Amino acid sequence: MTTEEYTPRHRAMMRAVADGRGSLLCGQRPHLSVDGLWCDFTASGVLVDNGLVRPAWHAPAGVAVPAVLTDSGSFVLRELVSCSPATGGAR
């Protein structure tokens with residue numbers, strides 16, 4: 001995916017993870033929650049499948065662990081923030 005294909009929802013989810021507010025319920029298809037509330041399952045899958053968000057450590061299925069941004073996730077988030085109209089960036 002190019003950064004143009006990520007939505008404001010993806011950006012908000014990655015920002016929450018970067019702020020330490022996200023957790024992943026481990027399993028075949030990890031599910032992301034922020035502040036204890038489930039996020040969009042499709043968007044969560046995109047972030048995990050594209051290697052932008054991962055569990056802080058390996059855990060068995062059904063166990064929630066903190067979510068962290070990968071190096072790629074940090075890069076994409078910086079790109080999204082710099083291109084966001086709310087931050088004055090050009091799109």
# chains A, B, ... in the order shown; residues from 1 in each chain; ligands from 1
>>> residues_around(residues="Ala64 (chain A)", least_positions_apart="2", cutoff="12 Å", atoms="only C-alpha atoms", output="number ranges by chain")
A: 22-27, 30-34, 36, 38, 54-62, 66-67
>>> write_last_selection(atoms="C-alpha atoms", output="PDB file, in the first residue's frame")
ATOM      1  CA  GLY A  22      -3.373   0.170  21.959  1.00  0.00           C
ATOM      2  CA  SER A  23      -3.438  -3.534  22.632  1.00  0.00           C
ATOM      3  CA  LEU A  24      -3.720  -6.535  20.364  1.00  0.00           C
ATOM      4  CA  LEU A  25      -5.739  -9.622  21.150  1.00  0.00           C
ATOM      5  CA  CYS A  26      -3.427 -12.304  19.780  1.00  0.00           C
ATOM      6  CA  GLY A  27      -4.683 -15.005  17.495  1.00  0.00           C
ATOM      7  CA  PRO A  30      -5.090 -10.097  15.831  1.00  0.00           C
ATOM      8  CA  HIS A  31      -7.691  -7.531  16.891  1.00  0.00           C
ATOM      9  CA  LEU A  32      -6.686  -4.030  17.958  1.00  0.00           C
ATOM     10  CA  SER A  33      -8.299  -2.126  20.788  1.00  0.00           C
ATOM     11  CA  VAL A  34      -7.592   1.445  21.843  1.00  0.00           C
ATOM     12  CA  GLY A  36     -10.288  -0.711  25.807  1.00  0.00           C
ATOM     13  CA  TRP A  38     -12.370  -2.431  19.689  1.00  0.00           C
ATOM     14  CA  ARG A  54       2.540  -5.786  15.968  1.00  0.00           C
ATOM     15  CA  PRO A  55       2.194  -7.249  19.458  1.00  0.00           C
ATOM     16  CA  ALA A  56       4.899  -6.094  21.867  1.00  0.00           C
ATOM     17  CA  TRP A  57       5.709  -9.768  22.488  1.00  0.00           C
ATOM     18  CA  HIS A  58       4.525 -13.172  21.350  1.00  0.00           C
ATOM     19  CA  ALA A  59       1.548 -14.471  23.317  1.00  0.00           C
ATOM     20  CA  PRO A  60      -0.875 -17.373  22.940  1.00  0.00           C
ATOM     21  CA  ALA A  61      -4.164 -16.908  21.126  1.00  0.00           C
ATOM     22  CA  GLY A  62      -6.741 -15.098  23.214  1.00  0.00           C
ATOM     23  CA  PRO A  66       0.375  -4.043  24.201  1.00  0.00           C
ATOM     24  CA  ALA A  67       0.479  -3.060  20.538  1.00  0.00           C
TER      25      ALA A  67
END
>>> select_by_dssp(residues="chain A", states="strand (DSSP E or B)", output="CSV table (one decimal) with N, CA and C atoms, in the first residue's frame")
chain,number,residue,atom,x,y,z
A,22,GLY,N,-2.8,1.3,22.7
A,22,GLY,CA,-3.4,0.2,22.0
A,22,GLY,C,-2.9,-1.2,22.5
A,23,SER,N,-3.8,-2.2,22.3
A,23,SER,CA,-3.4,-3.5,22.6
A,23,SER,C,-4.0,-4.4,21.5
A,24,LEU,N,-3.3,-5.5,21.4
A,24,LEU,CA,-3.7,-6.5,20.4
A,24,LEU,C,-4.1,-7.8,21.1
A,25,LEU,N,-5.3,-8.3,20.7
A,25,LEU,CA,-5.7,-9.6,21.1
A,25,LEU,C,-5.1,-10.6,20.2
A,31,HIS,N,-6.7,-8.6,16.8
A,31,HIS,CA,-7.7,-7.5,16.9
A,31,HIS,C,-7.1,-6.4,17.8
A,32,LEU,N,-7.2,-5.2,17.3
A,32,LEU,CA,-6.7,-4.0,18.0
A,32,LEU,C,-7.8,-3.3,18.8
A,33,SER,N,-7.4,-3.0,20.0
A,33,SER,CA,-8.3,-2.1,20.8
A,33,SER,C,-7.5,-0.9,21.2
A,34,VAL,N,-8.2,0.2,21.4
A,34,VAL,CA,-7.6,1.4,21.8
A,34,VAL,C,-8.4,1.9,23.0
A,37,LEU,N,-11.5,-0.1,23.8
A,37,LEU,CA,-12.6,-0.2,22.8
A,37,LEU,C,-12.0,-0.8,21.5
A,38,TRP,N,-12.8,-1.8,20.9
A,38,TRP,CA,-12.4,-2.4,19.7
A,38,TRP,C,-12.4,-1.5,18.5
A,53,VAL,N,1.9,-2.5,12.6
A,53,VAL,CA,1.6,-2.7,14.0
A,53,VAL,C,1.8,-4.2,14.4
A,54,ARG,N,2.3,-4.4,15.5
A,54,ARG,CA,2.5,-5.8,16.0
A,54,ARG,C,2.4,-5.9,17.5
A,55,PRO,N,2.2,-7.1,18.0
A,55,PRO,CA,2.2,-7.2,19.5
A,55,PRO,C,3.6,-6.9,20.0
A,64,ALA,N,-4.4,-10.7,25.4
A,64,ALA,CA,-4.1,-9.3,24.9
A,64,ALA,C,-2.8,-8.8,25.4
A,65,VAL,N,-2.0,-8.2,24.5
A,65,VAL,CA,-0.7,-7.6,24.8
A,65,VAL,C,-0.7,-6.2,24.3
A,66,PRO,N,0.2,-5.4,24.8
A,66,PRO,CA,0.4,-4.0,24.2
A,66,PRO,C,0.7,-4.1,22.7
A,67,ALA,N,0.2,-3.2,22.0
A,67,ALA,CA,0.5,-3.1,20.5
A,67,ALA,C,1.6,-2.0,20.4
A,68,VAL,N,2.5,-2.3,19.4
A,68,VAL,CA,3.6,-1.3,19.2
A,68,VAL,C,3.6,-1.1,17.7
A,69,LEU,N,4.1,0.1,17.3
A,69,LEU,CA,4.4,0.4,15.9
A,69,LEU,C,5.8,-0.3,15.5
>>> select_by_dssp(residues="chain A", states="alpha helix (DSSP H)", output="JSON, numbers by chain")
{"A": [8, 9, 10, 11, 12, 13, 14, 15, 16, 17, 18, 41, 42, 43, 44, 45, 46, 47, 48, 49, 71, 72, 73, 74, 75, 76, 77, 78, 79, 80, 81, 82, 83]}
>>> atom_distance(atom1="CA of Ser74 (chain A)", atom2="CA of Cys39 (chain A)")
19.1 Å
>>> closest_residue(among="A:Met13, A:Thr3, A:Thr42, A:Val63", to="Phe75 (chain A)", atoms="only C-alpha atoms")
A:Thr3
>>> closest_residue(among="A:Asp35, A:Glu79, A:Asp40, A:Glu4", to="Ala16 (chain A)", atoms="only C-alpha atoms")
A:Asp35
>>> closest_residue(among="A:Glu5, A:Cys83, A:Asn50, A:Asp19", to="Thr70 (chain A)", atoms="only C-alpha atoms")
A:Asn50
>>> decode(residues="region 8-58 of chain A", atoms="N, CA and C atoms", output="PDB file, in the first residue's frame")
ATOM      1  N   PRO A   8      -7.720   8.401   7.301  1.00  0.00           N
ATOM      2  CA  PRO A   8      -7.569   9.046   8.608  1.00  0.00           C
ATOM      3  C   PRO A   8      -7.804   8.058   9.762  1.00  0.00           C
ATOM      4  N   ARG A   9      -8.631   7.055   9.535  1.00  0.00           N
ATOM      5  CA  ARG A   9      -8.855   6.034  10.568  1.00  0.00           C
ATOM      6  C   ARG A   9      -7.566   5.273  10.849  1.00  0.00           C
ATOM      7  N   HIS A  10      -6.860   4.845   9.798  1.00  0.00           N
ATOM      8  CA  HIS A  10      -5.576   4.158   9.987  1.00  0.00           C
ATOM      9  C   HIS A  10      -4.617   5.057  10.763  1.00  0.00           C
ATOM     10  N   ARG A  11      -4.544   6.334  10.352  1.00  0.00           N
ATOM     11  CA  ARG A  11      -3.640   7.277  11.007  1.00  0.00           C
ATOM     12  C   ARG A  11      -3.977   7.402  12.495  1.00  0.00           C
ATOM     13  N   ALA A  12      -5.258   7.542  12.820  1.00  0.00           N
ATOM     14  CA  ALA A  12      -5.661   7.684  14.222  1.00  0.00           C
ATOM     15  C   ALA A  12      -5.311   6.429  15.022  1.00  0.00           C
ATOM     16  N   MET A  13      -5.511   5.267  14.426  1.00  0.00           N
ATOM     17  CA  MET A  13      -5.193   4.021  15.118  1.00  0.00           C
ATOM     18  C   MET A  13      -3.683   3.923  15.370  1.00  0.00           C
ATOM     19  N   MET A  14      -2.873   4.286  14.376  1.00  0.00           N
ATOM     20  CA  MET A  14      -1.426   4.230  14.553  1.00  0.00           C
ATOM     21  C   MET A  14      -0.962   5.253  15.581  1.00  0.00           C
ATOM     22  N   ARG A  15      -1.576   6.434  15.594  1.00  0.00           N
ATOM     23  CA  ARG A  15      -1.218   7.435  16.604  1.00  0.00           C
ATOM     24  C   ARG A  15      -1.514   6.907  18.008  1.00  0.00           C
ATOM     25  N   ALA A  16      -2.653   6.266  18.174  1.00  0.00           N
ATOM     26  CA  ALA A  16      -3.010   5.709  19.485  1.00  0.00           C
ATOM     27  C   ALA A  16      -2.011   4.642  19.910  1.00  0.00           C
ATOM     28  N   VAL A  17      -1.607   3.793  18.977  1.00  0.00           N
ATOM     29  CA  VAL A  17      -0.607   2.766  19.291  1.00  0.00           C
ATOM     30  C   VAL A  17       0.718   3.440  19.660  1.00  0.00           C
ATOM     31  N   ALA A  18       1.113   4.445  18.903  1.00  0.00           N
ATOM     32  CA  ALA A  18       2.359   5.165  19.201  1.00  0.00           C
ATOM     33  C   ALA A  18       2.307   5.814  20.580  1.00  0.00           C
ATOM     34  N   ASP A  19       1.122   6.229  21.002  1.00  0.00           N
ATOM     35  CA  ASP A  19       0.939   6.846  22.318  1.00  0.00           C
ATOM     36  C   ASP A  19       0.833   5.826  23.438  1.00  0.00           C
ATOM     37  N   GLY A  20       0.904   4.535  23.102  1.00  0.00           N
ATOM     38  CA  GLY A  20       0.850   3.482  24.119  1.00  0.00           C
ATOM     39  C   GLY A  20      -0.557   3.148  24.577  1.00  0.00           C
ATOM     40  N   ARG A  21      -1.566   3.478  23.763  1.00  0.00           N
ATOM     41  CA  ARG A  21      -2.959   3.260  24.159  1.00  0.00           C
ATOM     42  C   ARG A  21      -3.588   2.047  23.497  1.00  0.00           C
ATOM     43  N   GLY A  22      -2.822   1.300  22.692  1.00  0.00           N
ATOM     44  CA  GLY A  22      -3.373   0.170  21.959  1.00  0.00           C
ATOM     45  C   GLY A  22      -2.942  -1.170  22.513  1.00  0.00           C
ATOM     46  N   SER A  23      -3.806  -2.155  22.306  1.00  0.00           N
ATOM     47  CA  SER A  23      -3.438  -3.534  22.632  1.00  0.00           C
ATOM     48  C   SER A  23      -3.987  -4.442  21.538  1.00  0.00           C
ATOM     49  N   LEU A  24      -3.310  -5.544  21.358  1.00  0.00           N
ATOM     50  CA  LEU A  24      -3.720  -6.535  20.364  1.00  0.00           C
ATOM     51  C   LEU A  24      -4.142  -7.811  21.071  1.00  0.00           C
ATOM     52  N   LEU A  25      -5.298  -8.311  20.698  1.00  0.00           N
ATOM     53  CA  LEU A  25      -5.739  -9.622  21.150  1.00  0.00           C
ATOM     54  C   LEU A  25      -5.123 -10.612  20.168  1.00  0.00           C
ATOM     55  N   CYS A  26      -4.180 -11.401  20.657  1.00  0.00           N
ATOM     56  CA  CYS A  26      -3.427 -12.304  19.780  1.00  0.00           C
ATOM     57  C   CYS A  26      -4.299 -13.440  19.287  1.00  0.00           C
ATOM     58  N   GLY A  27      -3.985 -13.897  18.112  1.00  0.00           N
ATOM     59  CA  GLY A  27      -4.683 -15.005  17.495  1.00  0.00           C
ATOM     60  C   GLY A  27      -4.331 -15.066  16.030  1.00  0.00           C
ATOM     61  N   GLN A  28      -5.035 -15.911  15.303  1.00  0.00           N
ATOM     62  CA  GLN A  28      -4.781 -16.033  13.876  1.00  0.00           C
ATOM     63  C   GLN A  28      -4.955 -14.684  13.189  1.00  0.00           C
ATOM     64  N   ARG A  29      -5.927 -13.913  13.646  1.00  0.00           N
ATOM     65  CA  ARG A  29      -6.180 -12.572  13.118  1.00  0.00           C
ATOM     66  C   ARG A  29      -6.233 -11.615  14.306  1.00  0.00           C
ATOM     67  N   PRO A  30      -5.098 -10.970  14.658  1.00  0.00           N
ATOM     68  CA  PRO A  30      -5.090 -10.097  15.831  1.00  0.00           C
ATOM     69  C   PRO A  30      -6.114  -8.963  15.711  1.00  0.00           C
ATOM     70  N   HIS A  31      -6.714  -8.611  16.835  1.00  0.00           N
ATOM     71  CA  HIS A  31      -7.691  -7.531  16.891  1.00  0.00           C
ATOM     72  C   HIS A  31      -7.141  -6.413  17.765  1.00  0.00           C
ATOM     73  N   LEU A  32      -7.218  -5.191  17.265  1.00  0.00           N
ATOM     74  CA  LEU A  32      -6.686  -4.030  17.958  1.00  0.00           C
ATOM     75  C   LEU A  32      -7.773  -3.337  18.772  1.00  0.00           C
ATOM     76  N   SER A  33      -7.420  -2.979  19.990  1.00  0.00           N
ATOM     77  CA  SER A  33      -8.299  -2.126  20.788  1.00  0.00           C
ATOM     78  C   SER A  33      -7.498  -0.908  21.218  1.00  0.00           C
ATOM     79  N   VAL A  34      -8.193   0.202  21.360  1.00  0.00           N
ATOM     80  CA  VAL A  34      -7.592   1.445  21.843  1.00  0.00           C
ATOM     81  C   VAL A  34      -8.428   1.914  23.016  1.00  0.00           C
ATOM     82  N   ASP A  35      -7.772   2.167  24.116  1.00  0.00           N
ATOM     83  CA  ASP A  35      -8.455   2.594  25.343  1.00  0.00           C
ATOM     84  C   ASP A  35      -9.564   1.616  25.724  1.00  0.00           C
ATOM     85  N   GLY A  36      -9.333   0.326  25.435  1.00  0.00           N
ATOM     86  CA  GLY A  36     -10.288  -0.711  25.807  1.00  0.00           C
ATOM     87  C   GLY A  36     -11.456  -0.894  24.854  1.00  0.00           C
ATOM     88  N   LEU A  37     -11.495  -0.127  23.772  1.00  0.00           N
ATOM     89  CA  LEU A  37     -12.579  -0.231  22.790  1.00  0.00           C
ATOM     90  C   LEU A  37     -12.044  -0.838  21.500  1.00  0.00           C
ATOM     91  N   TRP A  38     -12.815  -1.770  20.921  1.00  0.00           N
ATOM     92  CA  TRP A  38     -12.370  -2.431  19.689  1.00  0.00           C
ATOM     93  C   TRP A  38     -12.353  -1.457  18.531  1.00  0.00           C
ATOM     94  N   CYS A  39     -11.309  -1.577  17.731  1.00  0.00           N
ATOM     95  CA  CYS A  39     -11.168  -0.772  16.519  1.00  0.00           C
ATOM     96  C   CYS A  39     -11.786  -1.525  15.341  1.00  0.00           C
ATOM     97  N   ASP A  40     -11.911  -0.835  14.239  1.00  0.00           N
ATOM     98  CA  ASP A  40     -12.370  -1.416  12.984  1.00  0.00           C
ATOM     99  C   ASP A  40     -11.515  -2.646  12.683  1.00  0.00           C
ATOM    100  N   PHE A  41     -12.157  -3.818  12.594  1.00  0.00           N
ATOM    101  CA  PHE A  41     -11.409  -5.063  12.397  1.00  0.00           C
ATOM    102  C   PHE A  41     -10.691  -5.098  11.058  1.00  0.00           C
ATOM    103  N   THR A  42     -11.301  -4.557  10.027  1.00  0.00           N
ATOM    104  CA  THR A  42     -10.650  -4.548   8.717  1.00  0.00           C
ATOM    105  C   THR A  42      -9.425  -3.652   8.736  1.00  0.00           C
ATOM    106  N   ALA A  43      -9.561  -2.455   9.279  1.00  0.00           N
ATOM    107  CA  ALA A  43      -8.428  -1.528   9.351  1.00  0.00           C
ATOM    108  C   ALA A  43      -7.320  -2.098  10.239  1.00  0.00           C
ATOM    109  N   SER A  44      -7.709  -2.747  11.327  1.00  0.00           N
ATOM    110  CA  SER A  44      -6.711  -3.382  12.198  1.00  0.00           C
ATOM    111  C   SER A  44      -5.932  -4.436  11.427  1.00  0.00           C
ATOM    112  N   GLY A  45      -6.649  -5.252  10.659  1.00  0.00           N
ATOM    113  CA  GLY A  45      -6.002  -6.283   9.856  1.00  0.00           C
ATOM    114  C   GLY A  45      -5.034  -5.705   8.848  1.00  0.00           C
ATOM    115  N   VAL A  46      -5.412  -4.589   8.236  1.00  0.00           N
ATOM    116  CA  VAL A  46      -4.528  -3.926   7.268  1.00  0.00           C
ATOM    117  C   VAL A  46      -3.230  -3.497   7.955  1.00  0.00           C
ATOM    118  N   LEU A  47      -3.342  -2.899   9.131  1.00  0.00           N
ATOM    119  CA  LEU A  47      -2.146  -2.429   9.834  1.00  0.00           C
ATOM    120  C   LEU A  47      -1.239  -3.585  10.235  1.00  0.00           C
ATOM    121  N   VAL A  48      -1.823  -4.675  10.704  1.00  0.00           N
ATOM    122  CA  VAL A  48      -1.022  -5.838  11.109  1.00  0.00           C
ATOM    123  C   VAL A  48      -0.458  -6.542   9.875  1.00  0.00           C
ATOM    124  N   ASP A  49      -1.302  -6.782   8.886  1.00  0.00           N
ATOM    125  CA  ASP A  49      -0.858  -7.505   7.684  1.00  0.00           C
ATOM    126  C   ASP A  49       0.233  -6.757   6.930  1.00  0.00           C
ATOM    127  N   ASN A  50       0.189  -5.423   6.968  1.00  0.00           N
ATOM    128  CA  ASN A  50       1.200  -4.629   6.269  1.00  0.00           C
ATOM    129  C   ASN A  50       2.435  -4.370   7.127  1.00  0.00           C
ATOM    130  N   GLY A  51       2.486  -4.990   8.304  1.00  0.00           N
ATOM    131  CA  GLY A  51       3.677  -4.899   9.139  1.00  0.00           C
ATOM    132  C   GLY A  51       3.869  -3.549   9.802  1.00  0.00           C
ATOM    133  N   LEU A  52       2.793  -2.812  10.042  1.00  0.00           N
ATOM    134  CA  LEU A  52       2.909  -1.494  10.659  1.00  0.00           C
ATOM    135  C   LEU A  52       2.687  -1.544  12.166  1.00  0.00           C
ATOM    136  N   VAL A  53       1.877  -2.485  12.611  1.00  0.00           N
ATOM    137  CA  VAL A  53       1.568  -2.673  14.030  1.00  0.00           C
ATOM    138  C   VAL A  53       1.774  -4.151  14.352  1.00  0.00           C
ATOM    139  N   ARG A  54       2.312  -4.405  15.544  1.00  0.00           N
ATOM    140  CA  ARG A  54       2.540  -5.786  15.968  1.00  0.00           C
ATOM    141  C   ARG A  54       2.375  -5.871  17.475  1.00  0.00           C
ATOM    142  N   PRO A  55       2.210  -7.089  18.002  1.00  0.00           N
ATOM    143  CA  PRO A  55       2.194  -7.249  19.458  1.00  0.00           C
ATOM    144  C   PRO A  55       3.577  -6.939  20.026  1.00  0.00           C
ATOM    145  N   ALA A  56       3.617  -6.406  21.227  1.00  0.00           N
ATOM    146  CA  ALA A  56       4.899  -6.094  21.867  1.00  0.00           C
ATOM    147  C   ALA A  56       5.713  -7.361  22.111  1.00  0.00           C
ATOM    148  N   TRP A  57       5.046  -8.481  22.320  1.00  0.00           N
ATOM    149  CA  TRP A  57       5.709  -9.768  22.488  1.00  0.00           C
ATOM    150  C   TRP A  57       4.759 -10.862  22.031  1.00  0.00           C
ATOM    151  N   HIS A  58       5.328 -12.037  21.778  1.00  0.00           N
ATOM    152  CA  HIS A  58       4.525 -13.172  21.350  1.00  0.00           C
ATOM    153  C   HIS A  58       3.700 -13.672  22.530  1.00  0.00           C
TER     154      HIS A  58
END
